[in-house]
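Trainee: You'll find run-v4.cif just under this line, and it carries mmCIF, C-alpha atoms.
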data_work
loop_
_atom_site.label_atom_id
_atom_site.label_comp_id
_atom_site.auth_asym_id
_atom_site.auth_seq_id
_atom_site.Cartn_x
_atom_site.Cartn_y
_atom_site.Cartn_z
CA MET X 1 0.00 0.00 0.00
CA ILE X 2 1.21 3.50 -0.73
CA SER X 3 2.08 4.85 2.68
CA LEU X 4 0.50 8.01 4.01
CA THR X 5 3.84 8.86 5.54
CA GLU X 6 5.20 9.46 2.04
CA SER X 7 4.55 13.02 0.89
CA THR X 8 4.28 12.07 -2.78
CA PHE X 9 3.89 8.91 -4.85
CA PRO X 10 4.56 8.05 -8.50
CA VAL X 11 1.72 7.87 -11.01
CA LEU X 12 1.93 6.70 -14.63
CA ILE X 13 -0.68 8.31 -16.88
CA TRP X 14 -1.28 7.50 -20.55
CA ARG X 15 -0.52 10.42 -22.84
CA GLY X 16 -1.38 10.67 -26.51
CA ALA X 17 -3.57 8.51 -28.74
CA ALA X 18 -3.22 4.78 -29.49
CA ASP X 19 0.48 5.26 -30.27
CA GLY X 20 1.08 7.20 -27.04
CA ALA X 21 2.92 6.12 -23.92
CA PHE X 22 2.73 6.33 -20.13
CA ARG X 23 4.29 9.42 -18.54
CA ARG X 24 5.37 9.56 -14.91
CA TYR X 25 4.20 12.20 -12.45
CA GLU X 26 4.78 12.73 -8.73
CA VAL X 27 1.53 13.43 -6.95
CA PRO X 28 0.98 14.46 -3.29
CA ARG X 29 -0.42 11.66 -1.12
CA LEU X 30 -3.64 12.64 0.63
CA ALA X 31 -6.08 10.84 2.91
CA SER X 32 -9.17 9.32 1.18
CA GLN X 33 -7.68 10.27 -2.17
CA THR X 34 -9.52 8.96 -5.23
CA VAL X 35 -7.97 8.11 -8.57
CA LEU X 36 -9.96 10.99 -10.06
CA ASP X 37 -8.39 13.30 -7.46
CA VAL X 38 -4.98 12.17 -8.70
CA VAL X 39 -5.80 12.85 -12.35
CA THR X 40 -7.34 16.21 -11.46
CA HIS X 41 -4.21 17.18 -9.50
CA VAL X 42 -2.01 16.37 -12.48
CA GLN X 43 -4.20 18.37 -14.86
CA ARG X 44 -4.50 21.41 -12.57
CA HIS X 45 -1.01 21.58 -11.14
CA LEU X 46 1.44 19.62 -13.26
CA ASP X 47 0.30 19.43 -16.87
CA ALA X 48 -2.72 21.42 -18.06
CA SER X 49 -2.74 19.62 -21.41
CA LEU X 50 -3.91 16.31 -19.87
CA ALA X 51 -7.29 15.32 -21.31
CA TYR X 52 -9.76 13.33 -19.19
CA ARG X 53 -13.47 13.19 -18.64
CA TYR X 54 -15.63 13.49 -15.54
CA ALA X 55 -18.81 15.21 -14.43
CA CYS X 56 -20.63 14.32 -11.22
CA ARG X 57 -17.76 12.98 -9.02
CA VAL X 58 -20.27 10.94 -7.01
CA GLY X 59 -20.76 7.77 -9.07
CA MET X 60 -23.91 8.78 -10.92
CA CYS X 61 -22.93 9.98 -14.38
CA GLY X 62 -20.67 7.18 -15.59
CA SER X 63 -18.22 9.46 -17.39
CA CYS X 64 -14.96 9.00 -15.45
CA ALA X 65 -14.20 5.33 -16.12
CA MET X 66 -10.54 4.58 -16.85
CA THR X 67 -8.16 1.65 -16.73
CA VAL X 68 -6.53 1.68 -13.31
CA ASN X 69 -3.62 -0.74 -12.82
CA GLY X 70 -4.97 -2.88 -15.63
CA LYS X 71 -8.63 -2.96 -14.60
CA ALA X 72 -11.50 -0.75 -15.72
CA ARG X 73 -12.91 1.24 -12.80
CA TRP X 74 -14.99 4.32 -12.05
CA THR X 75 -12.26 6.64 -10.86
CA CYS X 76 -14.39 9.01 -8.77
CA ARG X 77 -15.33 6.25 -6.32
CA THR X 78 -12.04 4.36 -6.40
CA HIS X 79 -9.64 5.11 -3.58
CA VAL X 80 -5.93 5.06 -4.31
CA ASP X 81 -5.51 2.89 -1.17
CA THR X 82 -7.62 0.09 -2.56
CA VAL X 83 -6.03 -0.22 -6.00
CA ALA X 84 -2.41 0.83 -5.84
CA GLY X 85 -1.18 -1.74 -3.33
CA ASP X 86 2.56 -1.29 -3.10
CA ARG X 87 2.82 -0.63 -6.81
CA THR X 88 2.89 2.51 -8.86
CA LEU X 89 -0.53 3.76 -9.79
CA GLU X 90 -1.04 3.34 -13.55
CA ILE X 91 -3.96 5.13 -15.18
CA GLY X 92 -4.89 4.61 -18.82
CA PRO X 93 -7.89 4.98 -21.13
CA LEU X 94 -10.60 2.28 -21.28
CA HIS X 95 -9.90 -0.79 -23.39
CA HIS X 96 -11.89 -1.71 -26.53
CA LEU X 97 -12.72 1.91 -27.43
CA PRO X 98 -10.77 4.26 -29.74
CA ILE X 99 -8.53 6.65 -27.80
CA VAL X 100 -9.24 10.28 -28.60
CA ARG X 101 -6.39 11.62 -26.46
CA ASP X 102 -4.80 10.72 -23.11
CA LEU X 103 -7.57 9.30 -20.88
CA VAL X 104 -10.46 10.19 -23.18
CA VAL X 105 -11.95 7.46 -25.37
CA ASP X 106 -14.53 7.79 -28.12
CA MET X 107 -17.74 6.39 -26.61
CA ALA X 108 -19.55 6.35 -29.97
CA PRO X 109 -19.06 2.61 -30.69
CA PHE X 110 -20.33 1.81 -27.19
CA PHE X 111 -23.56 3.80 -27.58
CA ASP X 112 -23.96 2.80 -31.23
CA LYS X 113 -24.29 -0.74 -29.91
CA TRP X 114 -26.98 0.36 -27.44
CA ALA X 115 -28.85 1.64 -30.50
CA ALA X 116 -28.12 -1.57 -32.45
CA ALA X 117 -29.55 -3.58 -29.54
CA LYS X 118 -32.65 -1.38 -29.74
CA GLY X 119 -31.91 0.12 -26.35
CA GLU X 120 -34.49 2.83 -26.93
CA PHE X 121 -37.84 2.63 -25.11
CA LYS X 122 -40.77 2.23 -27.52
CA PRO X 123 -43.94 3.13 -25.65
CA THR X 124 -47.24 1.41 -26.34
CA ALA X 125 -49.22 4.21 -24.72
CA THR X 126 -49.70 7.76 -25.95
CA ARG X 127 -49.69 11.05 -24.05
CA TYR X 128 -53.48 10.80 -23.84
CA ASP X 129 -53.37 7.55 -21.90
CA ASP X 130 -53.25 7.37 -18.13
CA PHE X 131 -49.95 6.60 -16.38
CA ALA X 132 -48.98 2.94 -16.61
CA LYS X 133 -49.36 1.11 -13.33
CA VAL X 134 -46.48 -1.31 -12.80
CA ALA X 135 -46.72 -3.32 -9.58
CA PRO X 136 -43.29 -3.15 -7.88
CA ALA X 137 -43.67 -6.76 -6.69
CA SER X 138 -44.56 -8.18 -10.12
CA PRO X 139 -42.02 -10.72 -11.47
CA ALA X 140 -41.32 -8.70 -14.63
CA ARG X 141 -40.57 -5.56 -12.62
CA ARG X 142 -38.49 -7.37 -10.02
CA ALA X 143 -36.42 -8.95 -12.81
CA ILE X 144 -35.16 -5.47 -13.73
CA ASP X 145 -34.89 -3.93 -10.25
CA ALA X 146 -31.11 -3.96 -10.56
CA THR X 147 -30.62 -3.70 -14.33
CA ILE X 148 -32.24 -0.27 -14.59
CA GLU X 149 -29.45 1.13 -12.39
CA CYS X 150 -26.84 0.97 -15.18
CA ILE X 151 -25.05 4.32 -15.52
CA GLY X 152 -23.47 3.56 -18.91
CA CYS X 153 -19.88 3.91 -17.71
CA ALA X 154 -18.57 1.21 -20.13
CA VAL X 155 -16.52 -0.51 -17.40
CA CYS X 156 -18.22 -3.80 -18.36
CA TYR X 157 -17.59 -3.20 -22.05
CA ALA X 158 -13.90 -2.47 -21.46
CA SER X 159 -13.61 -5.60 -19.27
CA CYS X 160 -15.30 -8.01 -21.70
CA ASP X 161 -13.00 -10.51 -23.46
CA VAL X 162 -15.56 -11.19 -26.20
CA VAL X 163 -15.74 -7.48 -27.10
CA GLY X 164 -11.95 -7.67 -27.55
CA TRP X 165 -12.25 -10.70 -29.84
CA LYS X 166 -15.33 -9.71 -31.83
CA SER X 167 -15.48 -6.03 -32.59
CA ASP X 168 -19.17 -6.18 -33.50
CA TYR X 169 -20.28 -8.00 -30.33
CA LEU X 170 -22.93 -5.81 -28.73
CA GLY X 171 -21.37 -6.12 -25.29
CA PRO X 172 -22.70 -6.41 -21.73
CA ALA X 173 -24.15 -2.91 -21.29
CA ALA X 174 -26.18 -2.86 -24.52
CA LEU X 175 -27.50 -6.37 -23.86
CA ASN X 176 -28.34 -5.47 -20.26
CA ARG X 177 -30.27 -2.50 -21.60
CA ALA X 178 -32.07 -4.66 -24.17
CA PHE X 179 -33.04 -7.14 -21.43
CA THR X 180 -34.35 -4.29 -19.26
CA LEU X 181 -36.65 -3.16 -22.05
CA VAL X 182 -37.70 -6.70 -22.98
CA LYS X 183 -38.98 -7.04 -19.43
CA ASP X 184 -40.62 -3.60 -19.40
CA VAL X 185 -44.36 -4.22 -19.64
CA ARG X 186 -44.89 -0.73 -21.12
CA ASP X 187 -42.58 -1.38 -24.06
CA GLY X 188 -43.93 -2.37 -27.47
CA ALA X 189 -40.82 -3.44 -29.37
CA ARG X 190 -40.09 -6.77 -27.70
CA ALA X 191 -40.05 -8.91 -30.85
CA ALA X 192 -37.83 -6.52 -32.80
CA ARG X 193 -35.49 -6.20 -29.82
CA LEU X 194 -35.12 -9.96 -29.44
CA ARG X 195 -34.25 -10.15 -33.14
CA ALA X 196 -31.70 -7.36 -32.65
CA VAL X 197 -29.87 -9.29 -29.93
CA ALA X 198 -30.18 -12.76 -31.50
CA GLY X 199 -27.72 -12.40 -34.38
CA ASP X 200 -24.04 -13.33 -34.67
CA SER X 201 -23.03 -10.28 -32.65
CA GLY X 202 -25.75 -10.77 -30.03
CA CYS X 203 -26.29 -12.48 -26.70
CA GLN X 204 -25.30 -15.98 -27.84
CA SER X 205 -21.70 -14.80 -28.25
CA CYS X 206 -21.34 -14.28 -24.46
CA HIS X 207 -18.96 -16.83 -22.90
CA THR X 208 -20.14 -16.16 -19.34
CA HIS X 209 -16.64 -15.14 -18.23
CA GLN X 210 -18.43 -12.70 -15.90
CA SER X 211 -15.73 -10.02 -16.05
CA CYS X 212 -18.58 -7.52 -16.58
CA THR X 213 -20.32 -8.69 -13.42
CA GLU X 214 -17.08 -8.71 -11.43
CA ARG X 215 -16.10 -5.19 -12.45
CA CYS X 216 -19.47 -3.42 -12.62
CA PRO X 217 -19.15 -0.55 -10.14
CA LYS X 218 -22.91 -0.66 -9.53
CA HIS X 219 -22.71 -4.39 -8.68
CA LEU X 220 -25.09 -5.31 -11.48
CA SER X 221 -24.93 -8.62 -13.30
CA PRO X 222 -25.00 -8.12 -17.07
CA THR X 223 -24.13 -11.83 -17.23
CA ALA X 224 -27.52 -12.67 -15.72
CA SER X 225 -29.29 -10.29 -18.12
CA ILE X 226 -27.51 -11.90 -21.08
CA ALA X 227 -28.33 -15.40 -19.81
CA SER X 228 -32.00 -14.38 -19.62
CA LEU X 229 -31.82 -13.01 -23.18
CA LYS X 230 -30.31 -16.30 -24.36
CA ARG X 231 -33.25 -18.18 -22.85
CA LEU X 232 -35.79 -15.78 -24.35
CA VAL X 233 -34.15 -15.93 -27.79
CA ALA X 234 -33.90 -19.74 -27.71
CA THR X 235 -37.54 -20.05 -26.64
CA ALA X 236 -38.66 -17.66 -29.39
CA ALA X 237 -36.62 -19.58 -31.98
CA VAL X 238 -38.17 -22.91 -30.97
CA LYS X 239 -41.68 -21.44 -30.90
CA GLY X 240 -41.12 -19.81 -34.29
CA THR X 241 -41.85 -16.31 -33.01
CA LEU X 242 -38.35 -14.87 -33.57
CA MET K 1 -29.65 -8.19 -39.75
CA ALA K 2 -32.05 -10.14 -41.92
CA THR K 3 -34.66 -12.14 -40.04
CA ARG K 4 -33.46 -15.33 -41.68
CA SER K 5 -29.86 -14.98 -40.50
CA VAL K 6 -31.10 -14.06 -37.02
CA ARG K 7 -33.20 -17.23 -36.88
CA TYR K 8 -30.24 -19.21 -38.21
CA ALA K 9 -28.03 -17.79 -35.43
CA ALA K 10 -30.65 -18.51 -32.77
CA TRP K 11 -31.14 -22.07 -34.00
CA ARG K 12 -27.38 -22.64 -34.01
CA PHE K 13 -27.40 -21.65 -30.35
CA VAL K 14 -30.32 -23.97 -29.55
CA LEU K 15 -28.67 -26.88 -31.37
CA GLN K 16 -25.32 -26.20 -29.68
CA ARG K 17 -26.92 -26.29 -26.23
CA ALA K 18 -29.17 -29.26 -26.97
CA SER K 19 -26.30 -31.29 -28.43
CA ALA K 20 -24.16 -30.34 -25.41
CA ALA K 21 -26.84 -31.74 -23.10
CA VAL K 22 -26.94 -34.99 -25.09
CA LEU K 23 -23.12 -35.17 -25.12
CA ALA K 24 -22.92 -34.66 -21.36
CA LEU K 25 -24.93 -37.87 -20.89
CA CYS K 26 -23.21 -39.73 -23.72
CA VAL K 27 -19.71 -38.94 -22.48
CA VAL K 28 -20.57 -40.16 -18.97
CA VAL K 29 -21.95 -43.45 -20.34
CA HIS K 30 -18.99 -43.78 -22.72
CA LEU K 31 -16.46 -43.21 -19.90
CA ALA K 32 -18.28 -45.67 -17.65
CA THR K 33 -18.14 -48.19 -20.50
CA ILE K 34 -14.40 -47.67 -20.93
CA ILE K 35 -13.78 -48.05 -17.19
CA TYR K 36 -15.90 -51.22 -17.14
CA ALA K 37 -14.04 -52.65 -20.13
CA VAL K 38 -10.63 -51.89 -18.61
CA ARG K 39 -11.59 -53.25 -15.19
CA HIS K 40 -12.81 -56.48 -16.77
CA GLN K 41 -9.86 -56.63 -19.15
CA LEU K 42 -12.13 -56.94 -22.15
CA THR K 43 -10.45 -57.15 -25.55
CA ALA K 44 -11.68 -55.12 -28.51
CA GLU K 45 -13.23 -58.29 -29.94
CA ALA K 46 -15.06 -58.99 -26.71
CA ILE K 47 -16.41 -55.44 -26.57
CA VAL K 48 -17.61 -55.56 -30.19
CA ALA K 49 -19.18 -58.99 -29.60
CA ARG K 50 -21.17 -57.66 -26.65
CA MET K 51 -22.27 -54.62 -28.60
CA HIS K 52 -23.45 -56.82 -31.46
CA ALA K 53 -25.71 -58.59 -29.04
CA SER K 54 -27.79 -55.49 -28.41
CA VAL K 55 -29.61 -52.94 -30.55
CA TRP K 56 -29.19 -50.36 -27.78
CA TRP K 57 -25.42 -49.92 -28.07
CA PRO K 58 -25.41 -49.07 -31.79
CA ALA K 59 -28.43 -46.79 -31.19
CA PHE K 60 -26.61 -45.10 -28.31
CA TYR K 61 -23.46 -44.54 -30.35
CA ALA K 62 -25.47 -43.33 -33.35
CA ILE K 63 -27.02 -40.65 -31.14
CA PHE K 64 -23.54 -39.86 -29.77
CA VAL K 65 -22.17 -39.43 -33.29
CA ILE K 66 -25.07 -37.22 -34.39
CA ALA K 67 -24.59 -35.00 -31.32
CA VAL K 68 -20.84 -34.72 -32.04
CA ALA K 69 -21.51 -33.90 -35.70
CA ILE K 70 -23.76 -31.04 -34.60
CA HIS K 71 -21.75 -29.79 -31.63
CA ALA K 72 -18.16 -29.85 -32.89
CA PRO K 73 -18.63 -27.77 -36.09
CA LEU K 74 -20.67 -25.17 -34.18
CA GLY K 75 -17.89 -24.89 -31.60
CA LEU K 76 -15.29 -24.62 -34.36
CA ARG K 77 -17.44 -21.92 -35.96
CA ALA K 78 -17.28 -19.83 -32.77
CA ILE K 79 -13.49 -20.32 -32.56
CA ALA K 80 -13.04 -19.38 -36.24
CA ASP K 81 -15.14 -16.27 -35.69
CA GLU K 82 -13.50 -15.07 -32.48
CA TRP K 83 -9.90 -16.11 -32.98
CA LEU K 84 -9.47 -15.93 -36.75
CA GLY K 85 -12.17 -13.43 -37.69
CA LEU K 86 -13.59 -15.96 -40.16
CA ARG K 87 -17.32 -16.01 -40.73
CA GLY K 88 -19.66 -16.14 -43.67
CA ARG K 89 -20.70 -18.60 -46.32
CA ALA K 90 -17.23 -20.02 -47.09
CA THR K 91 -16.57 -20.76 -43.40
CA ASP K 92 -20.02 -22.30 -42.98
CA THR K 93 -19.49 -24.48 -46.04
CA VAL K 94 -16.19 -25.82 -44.70
CA LEU K 95 -17.79 -26.49 -41.31
CA ALA K 96 -20.75 -28.22 -42.97
CA LEU K 97 -18.19 -30.52 -44.62
CA VAL K 98 -16.58 -31.12 -41.21
CA ALA K 99 -20.03 -32.06 -39.91
CA LEU K 100 -20.57 -34.47 -42.81
CA VAL K 101 -17.15 -36.09 -42.30
CA LEU K 102 -17.84 -36.55 -38.57
CA LEU K 103 -21.32 -37.88 -39.25
CA GLY K 104 -20.22 -40.17 -42.09
CA GLY K 105 -17.14 -41.53 -40.33
CA GLY K 106 -18.97 -41.95 -37.05
CA LEU K 107 -22.00 -43.69 -38.48
CA TYR K 108 -19.74 -45.92 -40.61
CA ALA K 109 -18.02 -47.04 -37.41
CA VAL K 110 -21.38 -47.56 -35.68
CA ARG K 111 -22.63 -49.57 -38.66
CA SER K 112 -19.74 -51.97 -38.20
CA LEU K 113 -21.20 -52.74 -34.77
CA THR K 114 -24.44 -53.88 -36.32
CA ALA K 115 -23.03 -55.82 -39.27
#
Written as structure tokens, how would this file's structure read?
Mentor:
Amino acid sequence: MISLTESTFPVLIWRGAADGAFRRYEVPRLASQTVLDVVTHVQRHLDASLAYRYACRVGMCGSCAMTVNGKARWTCRTHVDTVAGDRTLEIGPLHHLPIVRDLVVDMAPFFDKWAAAKGEFKPTATRYDDFAKVAPASPARRAIDATIECIGCAVCYASCDVVGWKSDYLGPAALNRAFTLVKDVRDGARAARLRAVAGDSGCQSCHTHQSCTERCPKHLSPTASIASLKRLVATAAVKGTL
Amino acid sequence: MATRSVRYAAWRFVLQRASAAVLALCVVVHLATIIYAVRHQLTAEAIVARMHASVWWPAFYAIFVIAVAIHAPLGLRAIADEWLGLRGRATDTVLALVALVLLGGGLYAVRSLTA
């Protein structure tokens, strides 16, 4: 563990695009210091050209995810104590997404896949209808109690081996979103959504490695969502409704 | 993606899982058979003679072969896709041939049990 008795500690931060390299900085050691604090210190006091992304700082917005000592994490809620051990802190951009510059990746492929998985709510009601009444204890609603909490940080996507192997694989977040909507009783695009996630790049490609579930900062299980989609797709195929 | 290719992908998944379930049982029975044969020091001739005596053994191995012929090419297809980036009609054609070779060779061997 990086000792609090040390006044500074070394940090390696990725600089440049895909052909960039890690650069070393000395950062003051503070109590309860987060990885985002470290990056912010570097940008404000050591090198103003460092590019990184954050917004809420409290684990709600999903914009500050980075690769910290080899693992994707939300940096605003990750303490230096818990990840650095006795090693140098190494902070890089997320895997599996194009690097724009330094710690900023292009999130377009990630959200394009949400769209490809039909991650958009398609209401069956109109503005003239009464509010839908969804019983909180109903099985369909309980199935998505957790899945609706996804903040779209792409930690799961960056941690997924299959995304690394198959560039068109929709990935854990998009499939989790698709499952959430499949179970939403107000949604009217179930059949089209199941077709969207049933192709070569869809849910069947998941190997159940569970890296997404292990790394999800919200403690969700995209693996379980994907497993449910596999069952729904298989059932629809057998019944001839796909 | 066209509806047809989506259904094709979904059916591949169903067949892969179903054949895996069949293989799980078949492999257990097959291993138990091997252990029995070794424990009783049965020769190949003795094993074949016993299998001739029953319609169930050839039927069992025919099912085993069919499950292998379905399961193995689908698994190879996933490996070709993920590791080599190969997918499409040419890959599927080669894997269909692999399936036919497994099916033909396997059923030929099973047939010798019944002859």
Trainee: Decode the PyMOL selection byres ((chain X) within 9 of (chain K)) for the given file into explicit residues and return them as a list in words.
Mentor: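 With the shown file as input, the PyMOL selection byres ((chain X) within 9 of (chain K)) matches Val162, Trp165, Lys166, Arg195, Ala196, Val197, Ala198, Gly199, Asp200, Gln204, Ser205, Lys230, Val233, Ala234, Thr235, Ala236, Ala237, Val238, Gly240 and Leu242 of chain X.
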Trainee: Taking all atoms of range 10-18 of chain X that the file lists and extending 5 Å past them on each side, where is the centre of the axis-aligned box and how long are its edges? Answer in Å to one decimal, as AutoDock Vina command-line options.
Mentor:
--center_x 0.5 --center_y 7.7 --center_z -19.0 --size_x 18.1 --size_y 15.9 --size_z 31.0
Trainee: Enter the distance from CA of Leu76 in chain K to CA of Ala178 in chain X, in Å, rounded to one decimal.
Mentor: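 Those two atoms sit 28.0 Å apart.
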Trainee: Would you kindly translate the PyMOL selection byres ((chain K and resi 95-108) around 12) into the concrete residues it picks from this file, as number ranges by chain?
Mentor: K: 58-81, 86-94, 109-115
Trainee: Could you list, as a PyMOL selection string, every residue within 10 Å of Asp187 in chain X, counting only C-alpha atoms and ignoring same-chain residues fewer than 6 positions away?
Mentor: chain X and resi 120-125+180-181
Trainee: If you keep C-alpha atoms, can you produce a file of those selected residues as a short mmCIF file (atom, residue, chain, number, x, y, z; two decimals), keeping the file's coordinate frame?
Mentor:
data_model
loop_
_atom_site.label_atom_id
_atom_site.label_comp_id
_atom_site.auth_asym_id
_atom_site.auth_seq_id
_atom_site.Cartn_x
_atom_site.Cartn_y
_atom_site.Cartn_z
CA GLU X 120 -34.49 2.83 -26.93
CA PHE X 121 -37.84 2.63 -25.11
CA LYS X 122 -40.77 2.23 -27.52
CA PRO X 123 -43.94 3.13 -25.65
CA THR X 124 -47.24 1.41 -26.34
CA ALA X 125 -49.22 4.21 -24.72
CA THR X 180 -34.35 -4.29 -19.26
CA LEU X 181 -36.65 -3.16 -22.05
#
Trainee: Which residue is closest to Ala18 in chain X? Choose from X:Ala72, X:Ala135, X:Val104, X:Cys56 and count all atoms listed in the file.
Mentor: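 Between X:Ala72, X:Ala135, X:Val104, X:Cys56, the residue approaching Ala18 in chain X most closely is X:Val104.
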Trainee: Neighbouring residues of range 146-156 of chain X were defined as those with any atom within 8 Å, considering all atoms listed in the file; residues of the same chain fewer than 5 positions away were excluded. Please report them as a list of chain:residue names.
Mentor: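 Neighbouring residues, sequence-local ones excluded: X:Met60, X:Cys61, X:Gly62, X:Ser63, X:Cys64, X:Ala65, X:Met66, X:Ala72, X:Arg73, X:Trp74, X:Leu94, X:Phe110, X:Gly171, X:Pro172, X:Ala173, X:Asn176, X:Arg177, X:Thr180, X:Ser211, X:Cys212, X:Thr213, X:Arg215, X:Cys216, X:Pro217, X:Lys218, X:Leu220, X:Ser221, X:Pro222, X:Ser225.
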Trainee: State, in Å with one decimal place, the distance from CA of Val105 in chain X to CA of Thr223 in chain X.
Mentor: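 These atoms are spaced 24.2 Å apart.
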Trainee: How far is it from CA of Lys183 in chain X to CA of Trp114 in chain X, in Å with one decimal?
Mentor: 16.2 Å
